[in-house]
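Participant: A single structure is presented below for examination.
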Amino acid sequence: NGTTWTARTSDVSQALNGIAYDDGMWVAVGDSGTILTSTDGISWTSRFSGTTWDLYGVAYGGGMWVAVGNSGRILTSTDGISWTSRTSGTTHHLNGIAYHDGMWVAVGSDGTIIGTVPL
């Protein structure tokens, strides 16, 4: 209802910086490459990201999860569980990511905007 909130435990000590929901799953990202998933928003499972870099944003679109973070880090996943590192073409921190109509756009430090070619 957006009014009454209940504290939940994630069982991680790292800061959590971004969260998104789609395709029946919540995905949260945070410091030191932390990625958590949940199907109910109550119980959370830690996933292996393959990085120790901080992650700041995550989104879902076009059948894919994308997470972004420090030094241009981009990770992708088709299931939210197994993640693959991708080349972003920037070393600037990426703080947010969004998807629309076949195109991903990420934003970050120093006015950085990067995007994919629309499908």
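Chain labels run A, B, ... following the order of the structure tokens; each chain numbers its residues from 1, and ligands are numbered from 1 in the order shown.
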List the spatial neighbours of Ala20 (chain A) as a ChimeraX atom specification - criterion: any atom at most 7 Å away, only C-alpha atoms, same-chain residues fewer than 4 positions off excluded.

Facilitator: /A:26-28,58-59

Participant: Which residues are close to Gly80 (chain A), i.e. within 9 Å by only C-alpha atoms, leaving aside same-chain residues fewer than 6 positions away? Reply as a list in words.

Facilitator: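 That gives Met25, Trp26, Val27, Ile35, Leu36, Thr37, Arg47, Met64, Trp65 and Val66 of chain A.
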
Participant: When you look at Ser49 (chain A) with a cut-off of 10 Å (counting only C-alpha atoms), what residues show up, excluding the ones that are within fewer than 2 positions of it in the same chain? I need them as a compact mmCIF listing (two decimals) with N, CA and C atoms, in the first residue's frame.

Facilitator:
```
# COMPACT_ATOMS: atom_id res chain seq x y z
N VAL A 29 20.98 -4.75 -6.32
CA VAL A 29 22.42 -4.69 -6.54
C VAL A 29 23.06 -3.76 -5.52
N SER A 32 30.50 -4.02 -3.70
CA SER A 32 31.32 -5.22 -3.82
C SER A 32 30.71 -6.29 -4.72
N GLY A 33 29.96 -5.86 -5.74
CA GLY A 33 29.37 -6.80 -6.70
C GLY A 33 28.18 -7.57 -6.18
N THR A 34 27.57 -7.09 -5.09
CA THR A 34 26.44 -7.79 -4.50
C THR A 34 25.24 -7.80 -5.44
N ILE A 35 24.68 -8.99 -5.65
CA ILE A 35 23.41 -9.15 -6.37
C ILE A 35 22.55 -10.11 -5.56
N LEU A 36 21.32 -9.69 -5.27
CA LEU A 36 20.35 -10.51 -4.55
C LEU A 36 19.11 -10.65 -5.40
N SER A 46 21.56 -14.62 -2.44
CA SER A 46 22.75 -13.99 -2.98
C SER A 46 23.17 -14.71 -4.26
N ARG A 47 23.55 -13.94 -5.29
CA ARG A 47 23.99 -14.49 -6.57
C ARG A 47 25.43 -14.07 -6.84
N THR A 51 32.16 -9.97 -10.07
CA THR A 51 32.91 -8.73 -9.89
C THR A 51 32.90 -8.32 -8.42
N THR A 52 33.90 -7.53 -8.05
CA THR A 52 33.92 -6.95 -6.70
C THR A 52 33.67 -5.45 -6.78
N TRP A 53 33.40 -4.93 -7.97
CA TRP A 53 33.10 -3.51 -8.16
C TRP A 53 31.69 -3.22 -7.64
N LEU A 55 27.98 -1.94 -7.61
CA LEU A 55 26.92 -1.85 -8.59
C LEU A 55 25.86 -0.87 -8.08
N ALA A 67 22.77 -4.73 -15.07
CA ALA A 67 23.24 -4.03 -13.88
C ALA A 67 24.43 -3.17 -14.26
N LEU A 75 26.84 -5.63 -16.30
CA LEU A 75 26.59 -7.07 -16.22
C LEU A 75 25.23 -7.34 -16.82
N THR A 76 25.09 -8.48 -17.51
CA THR A 76 23.81 -8.86 -18.07
C THR A 76 23.44 -10.28 -17.64
N SER A 77 22.14 -10.54 -17.63
CA SER A 77 21.64 -11.86 -17.25
C SER A 77 20.28 -12.08 -17.89
N GLY A 80 18.56 -13.48 -14.17
CA GLY A 80 18.79 -12.82 -12.90
C GLY A 80 19.68 -13.61 -11.96
N ILE A 81 20.07 -14.81 -12.36
CA ILE A 81 20.86 -15.70 -11.52
C ILE A 81 22.31 -15.77 -11.99
N SER A 82 22.53 -16.04 -13.26
CA SER A 82 23.87 -16.10 -13.86
C SER A 82 24.14 -14.79 -14.59
N TRP A 83 25.30 -14.17 -14.28
CA TRP A 83 25.62 -12.85 -14.80
C TRP A 83 26.89 -12.88 -15.63
N THR A 84 26.92 -12.06 -16.71
CA THR A 84 28.05 -11.98 -17.62
C THR A 84 28.51 -10.53 -17.71
N SER A 85 29.82 -10.30 -17.61
CA SER A 85 30.39 -8.97 -17.74
C SER A 85 30.40 -8.54 -19.21
```

Participant: Residues of region 20-73 of chain A that have any atom at most 8 Å from an atom of region 6-12 of chain A: could you tabulate them with the shortest-distance atom pair and the distance in Å to one decimal, using only C-alpha atoms, ordered by chain and increasing number, as a tab-separated table?

Facilitator:
```
residue	atom	partner	partner_atom	distance
A:Leu36	CA	A:Ser10	CA	7.9
A:Ile42	CA	A:Arg8	CA	6.3
A:Ser43	CA	A:Ser10	CA	7.6
A:Trp44	CA	A:Ser10	CA	5.8
A:Thr45	CA	A:Ser10	CA	7.9
```

Participant: Considering only C-alpha atoms, state which residue in the set A:Tyr60, A:Leu16, A:Val117, A:Thr91 is at the smallest distance from Met103 (chain A).

Facilitator: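 Smallest distance to Met103 (chain A) is found for A:Val117.
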
Participant: Out of A:Gly57, A:Asp110, A:Gly24, A:Trp5, which residue has the shortest atom-to-atom distance to Ala98 (chain A) when counting only C-alpha atoms?

Facilitator: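 Going through A:Gly57, A:Asp110, A:Gly24, A:Trp5 one by one, the smallest distance to Ala98 (chain A) is for A:Gly57.
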
Participant: Separation of CA of Asp22 (chain A) and CA of Arg86 (chain A), in Å?

Facilitator: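 About the pair CA of Asp22 (chain A) and CA of Arg86 (chain A): they are 21.3 Å apart.
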
Participant: List every residue of chain A that DSSP, applied to the backbone of this structure, places in strand (DSSP E or B), and write the result as a VMD selection string.

Facilitator: chain A and resid 16 to 22 25 to 30 35 to 38 45 to 47 55 to 61 64 to 69 74 to 77 84 to 86 94 to 100 103 to 108 113 to 115

Participant: For CA of Arg73 (chain A) and CA of Gly61 (chain A), determine how far apart the two atoms are, in Å to one decimal place.

Facilitator: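 Going from CA of Arg73 (chain A) over to CA of Gly61 (chain A), I get 18.2 Å.
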